[in-house]
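Report on one structure; see the data block that follows.
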Amino acid sequence: MRNPGALMRWHDVPLRAQRKVRLPVLNFAVAVWMLGLLNVPFWLALWQAVGGWSADRAAWLLTLPILALALIWLSLELLTWGRAAKPVLCSLLVAGAALAYFMNTYGITFDRGMLGNVLETDATEVGELLSPGLLVWILGLGALPAVLLARIPLMPRGLIGALCDKAATMTVLFGVLALLLAGFFAAYASLFRNHRELRSQLVPINLLAAAHSYARARASAPREFVFTAADATRVPGVEKAGRPLVLVLVIGETTRAASLSVNGYGRATTPMLAVRPDLINFGAIAACGTATAVSLPCMFMDVGRSAYAEGLAYRRENLLDALQRAGLDVWWIDNNSGCKGVCDRVRVVDATRLAAEGGCGAEGCLDEVLLDLLDQRLAAITRDTVIVLHMKGQHGPAYYRRYPPTFERFAPVCKTNELDRCDPASVVNAYDNAVVYTDHVLDWAITSLNANSRGADTALMFVSDHGESLGESGIFLHGMPYDFAPAYQKEVPFMAWLPEATLGRLGLDRGCLKKQTAPLSHDNLYHSVLGLSGVRTTVYRNQADVFASCRVPIRPASAVNSQKERT
């Protein structure tokens, strides 16, 4: 019998005694692992896109795994060089496992917009996404194979040998791709033209493509700061001595238009707003994007969704700059993860840092904290002012944390961030309760403005940054590529509260405003706020101002007095 002491486990074998492998073989093994275990959502989406098995298309269907494997393997070959190969592969395994978890759990896809959203997320939002399931995926499908991969010794090849291996492998892979496309080009072209979302679901191709697109967008953005509202001025007659004009612009978070009862939703989610006769509801409008990182800065820009680029808010004047340039006092009060560059040049109050008690905890502050700060600001107003309240709103997946227990009108509720484990109705219940709380916050803000109506002419506008999916078609949360995101993520509420005194001061007709039926979008916000604030500049577009068609010219007070004297 052999000496038992001579038996050694594999991981006890010195690295120099273990069989060394070439880098292309290691890349192949990682590609197979990713293809089979990190791409379940991709395979499900692909199977649905092709319509299942069909005998007459069997040859083409059997090439799909080969195509996907070749693409993943090729991407790994392009990224792995020399001593950096293992760290790159280990990083991709861990990142890919995390990405696969979110795609599998929430039904999301991953593109440049989603990457921007990830990079803009703060620590509180990250904490709300952590879960035991995420840990299991990262450790089991990412970290464990990464540790095993790190122990596999690579065969030293030298510069020439490594280049030869790389060239030979990539030549074969390009050859395979060329053969597949030559034989089934029409089928592939039809598949990826009609189902573009598939390109955002193949791990790690989607991650790499998103990183490349994000970096390219940032690099192509203007380097010099662009001034767009240097000529901003006030409309004669809007300013009145001793009576400030105060506009509160409330920016909702993740509030979808379809879940508001004022928009026809079957549940009473907005009971307070519904009974206000001075509320003008413009209904559902199209958002600039499906994630805060894009939609928030985009809605404050004059360029519109079609011309918006990543990071533009940091290099171009926006709505708040134009208002401030025209002489208004501009404030940004934040209960969210920052303003994404929009408020960089105006006065900012971070509500989460100032609030020491009440609705604040480890998960952040409830939106009522904004109301206390609003009251303080209203008490100190001496001139025309615009105040932006940036809400936490219905930010998921922990919807149950967005409202106090007294607002739990619909039950049972999903009380976990792993939404796919909850009954679909409980997810909707938690979200709807958060909408009811937003209705309360907006009503309270209007009440505060009413209380100040003796000394100021007040108004309020509410618009959300983007919507949310609540499990429809197996999709949760938001951030899907805009072109094929569901309407729930792209349609947001837009409304304005205008009392009679403010309507008279601005020369607006309420009946006319309530009859508007033209389709609106975030592109209208910039020009509508300028119009409501009585600010004009060369970039202002009258046709994009929702109030313009219902406005009569405002005559300066001096002209009115002259007319009286002549009479």
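Residue names in the structure tokens use chain letters A, B, ... in the order shown, residue numbers from 1 in each chain, and ligand numbers from 1 in the order shown.
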Filtered DSSP result for range 121-327 of chain A, state strand (DSSP E), as a ChimeraX atom specification: /A:233-234,245-252,279-286
Selection export as a CSV table (one decimal), in the first residue's frame, atoms kept: C-alpha atoms:
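The file below, again.csv, is the result:
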```
chain,number,residue,atom,x,y,z
A,233,THR,CA,-34.4,89.1,-17.7
A,234,ARG,CA,-37.8,89.5,-16.2
A,245,LEU,CA,-43.6,85.7,-6.3
A,246,VAL,CA,-42.7,82.3,-4.8
A,247,LEU,CA,-42.6,79.1,-6.9
A,248,VAL,CA,-42.0,75.7,-5.3
A,249,LEU,CA,-40.8,73.1,-7.8
A,250,VAL,CA,-41.2,69.6,-6.3
A,251,ILE,CA,-39.2,66.9,-8.1
A,252,GLY,CA,-40.6,63.5,-7.4
A,279,LEU,CA,-54.8,72.1,-9.0
A,280,ILE,CA,-54.1,71.8,-12.8
A,281,ASN,CA,-53.2,68.3,-13.7
A,282,PHE,CA,-51.4,67.9,-17.1
A,283,GLY,CA,-51.6,64.1,-16.7
A,284,ALA,CA,-48.9,61.7,-17.8
A,285,ILE,CA,-45.9,63.1,-19.6
A,286,ALA,CA,-42.8,61.5,-21.2
```
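Ranking A:Ala68, A:Val552, A:Val226, A:Leu373 by their shortest atom-to-atom distance to Asp321 in chain A, with only C-alpha atoms included, puts A:Val226 first.
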task: Rank A:Leu180, A:Asn39, A:Lys20, A:Gln543 by their smallest atom-to-atom distance to Met155 in chain A, using only C-alpha atoms, and report the top residue only.
output: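 With only C-alpha atoms as the atom set, the closest residue is A:Lys20.
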query: If we count only C-alpha atoms, what is near range 104-116 of chain A at a cut-off of 8 Å, once residues fewer than 5 positions away on the same chain are taken out, given as a PyMOL selection string?
result: chain A and resi 40-41+197+200-201+206-207+209-211+213-214+291+293-294+418-420+471+474-481
Could you produce a table of the residues of range 386-432 of chain A lying within 12 Å of range 253-266 of chain A, with the nearest pair of atoms per residue and their separation in Å rounded to one decimal, using only C-alpha atoms, ordered by chain and increasing residue number, as a Markdown table?
```
| residue | atom | partner | partner_atom | distance |
| --- | --- | --- | --- | --- |
| A:Leu389 | CA | A:Glu253 | CA | 10.8 |
| A:His390 | CA | A:Glu253 | CA | 7.8 |
| A:Met391 | CA | A:Glu253 | CA | 5.9 |
| A:Lys392 | CA | A:Glu253 | CA | 5.6 |
| A:Gly393 | CA | A:Glu253 | CA | 4.6 |
| A:Gln394 | CA | A:Thr254 | CA | 5.3 |
| A:His395 | CA | A:Thr254 | CA | 5.5 |
| A:Gly396 | CA | A:Thr254 | CA | 7.9 |
| A:Pro397 | CA | A:Thr254 | CA | 10.5 |
| A:Tyr399 | CA | A:Thr254 | CA | 10.3 |
| A:Arg402 | CA | A:Glu253 | CA | 10.8 |
| A:Val428 | CA | A:Ser259 | CA | 9.3 |
| A:Asn429 | CA | A:Ser259 | CA | 10.7 |
| A:Ala430 | CA | A:Ser259 | CA | 11.8 |
| A:Tyr431 | CA | A:Ser259 | CA | 8.7 |
| A:Asp432 | CA | A:Ser259 | CA | 7.0 |
```
Filtering to N, CA and C atoms, could you give me those residues as a JSON list (two decimals), in the first residue's frame?
```json
[["chain", "number", "residue", "atom", "x", "y", "z"],
["A", 389, "LEU", "N", -37.67, 71.32, -4.21],
["A", 389, "LEU", "CA", -37.68, 70.26, -3.21],
["A", 389, "LEU", "C", -37.44, 68.93, -3.92],
["A", 390, "HIS", "N", -36.33, 68.29, -3.62],
["A", 390, "HIS", "CA", -35.98, 67.03, -4.28],
["A", 390, "HIS", "C", -36.35, 65.87, -3.35],
["A", 391, "MET", "N", -37.41, 65.16, -3.70],
["A", 391, "MET", "CA", -37.97, 64.14, -2.82],
["A", 391, "MET", "C", -37.24, 62.79, -2.91],
["A", 392, "LYS", "N", -37.45, 61.98, -1.88],
["A", 392, "LYS", "CA", -37.06, 60.58, -1.91],
["A", 392, "LYS", "C", -38.13, 59.75, -2.61],
["A", 393, "GLY", "N", -39.36, 60.22, -2.49],
["A", 393, "GLY", "CA", -40.47, 59.66, -3.25],
["A", 393, "GLY", "C", -40.70, 58.18, -3.06],
["A", 394, "GLN", "N", -40.77, 57.45, -4.17],
["A", 394, "GLN", "CA", -41.02, 56.02, -4.14],
["A", 394, "GLN", "C", -39.78, 55.22, -4.55],
["A", 395, "HIS", "N", -38.62, 55.72, -4.20],
["A", 395, "HIS", "CA", -37.39, 55.04, -4.60],
["A", 395, "HIS", "C", -37.36, 53.62, -4.04],
["A", 396, "GLY", "N", -37.16, 52.67, -4.92],
["A", 396, "GLY", "CA", -37.17, 51.26, -4.53],
["A", 396, "GLY", "C", -35.76, 50.70, -4.35],
["A", 397, "PRO", "N", -35.71, 49.42, -4.03],
["A", 397, "PRO", "CA", -36.82, 48.47, -3.94],
["A", 397, "PRO", "C", -37.54, 48.47, -2.59],
["A", 399, "TYR", "N", -39.79, 50.02, -0.91],
["A", 399, "TYR", "CA", -40.90, 50.99, -0.91],
["A", 399, "TYR", "C", -41.49, 51.16, 0.48],
["A", 402, "ARG", "N", -40.53, 54.18, 2.62],
["A", 402, "ARG", "CA", -40.75, 55.53, 2.11],
["A", 402, "ARG", "C", -41.93, 56.24, 2.76],
["A", 428, "VAL", "N", -47.09, 46.03, -5.11],
["A", 428, "VAL", "CA", -47.92, 47.17, -5.53],
["A", 428, "VAL", "C", -48.47, 47.90, -4.30],
["A", 429, "ASN", "N", -48.88, 47.15, -3.28],
["A", 429, "ASN", "CA", -49.40, 47.78, -2.06],
["A", 429, "ASN", "C", -48.38, 48.69, -1.42],
["A", 430, "ALA", "N", -47.14, 48.21, -1.30],
["A", 430, "ALA", "CA", -46.09, 49.02, -0.68],
["A", 430, "ALA", "C", -45.84, 50.29, -1.50],
["A", 431, "TYR", "N", -45.79, 50.13, -2.82],
["A", 431, "TYR", "CA", -45.57, 51.29, -3.69],
["A", 431, "TYR", "C", -46.72, 52.28, -3.58],
["A", 432, "ASP", "N", -47.95, 51.79, -3.60],
["A", 432, "ASP", "CA", -49.12, 52.67, -3.53],
["A", 432, "ASP", "C", -49.18, 53.42, -2.20]]
```
query: Closest to Val21 in chain A among A:Met301, A:Ser337, A:Ile152, A:Leu130, using only C-alpha atoms?
result: A:Ile152
Phe174 in chain A environment, 12 Å, only C-alpha atoms, sequence neighbours closer than 5 positions dropped, as a PyMOL selection string: chain A and resi 67+70-71+73-75+77+167-169+179-182
message: Rounded to one decimal, what separation in Å do you get between CA of Leu503 in chain A and CA of Arg536 in chain A?
response: 18.3 Å
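Each of A:Lys515, A:Arg83, A:Arg353, A:Arg383 was compared to Val369 in chain A using only C-alpha atoms, and A:Arg353 turns out to be the nearest.
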- prompt: What's the 7 Å shell around range 436-439 of chain A, counting only C-alpha atoms, without same-chain residues fewer than 3 positions away, as a ChimeraX atom specification?
  reply: /A:269-270,272-273,393,403,407,432-433,442-443
Residues near range 308-312 of chain A, cut-off 6 Å, only C-alpha atoms, skip fewer than 4 positions along chain, as a list in words: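 The residues that qualify are Ala217, Arg218 and Arg316 of chain A.
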Grab the residues selected above and save them as a short mmCIF file (atom, residue, chain, number, x, y, z; two decimals), in the first residue's frame with N, CA, C and O atoms.
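Ended up saving to out_37.cif:
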```cif
data_model
loop_
_atom_site.label_atom_id
_atom_site.label_comp_id
_atom_site.auth_asym_id
_atom_site.auth_seq_id
_atom_site.Cartn_x
_atom_site.Cartn_y
_atom_site.Cartn_z
N ALA A 217 -19.15 58.99 -24.09
CA ALA A 217 -20.07 60.11 -23.95
C ALA A 217 -19.47 61.20 -23.08
O ALA A 217 -19.60 62.40 -23.37
N ARG A 218 -18.80 60.80 -22.01
CA ARG A 218 -18.17 61.79 -21.14
C ARG A 218 -17.03 62.52 -21.87
O ARG A 218 -16.84 63.72 -21.73
N ARG A 316 -22.82 73.06 -18.68
CA ARG A 316 -23.74 73.94 -19.39
C ARG A 316 -24.74 74.52 -18.40
O ARG A 316 -25.21 73.83 -17.50
#
```
query: Quick one, how far is CA of Val427 in chain A from CA of Glu472 in chain A?
result: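 Between CA of Val427 in chain A and CA of Glu472 in chain A the gap works out to 11.0 Å.
Each of A:Ala274, A:Met34, A:Leu173, A:Ala307 was compared to Trp497 in chain A using only C-alpha atoms, and A:Ala274 turns out to be the nearest.
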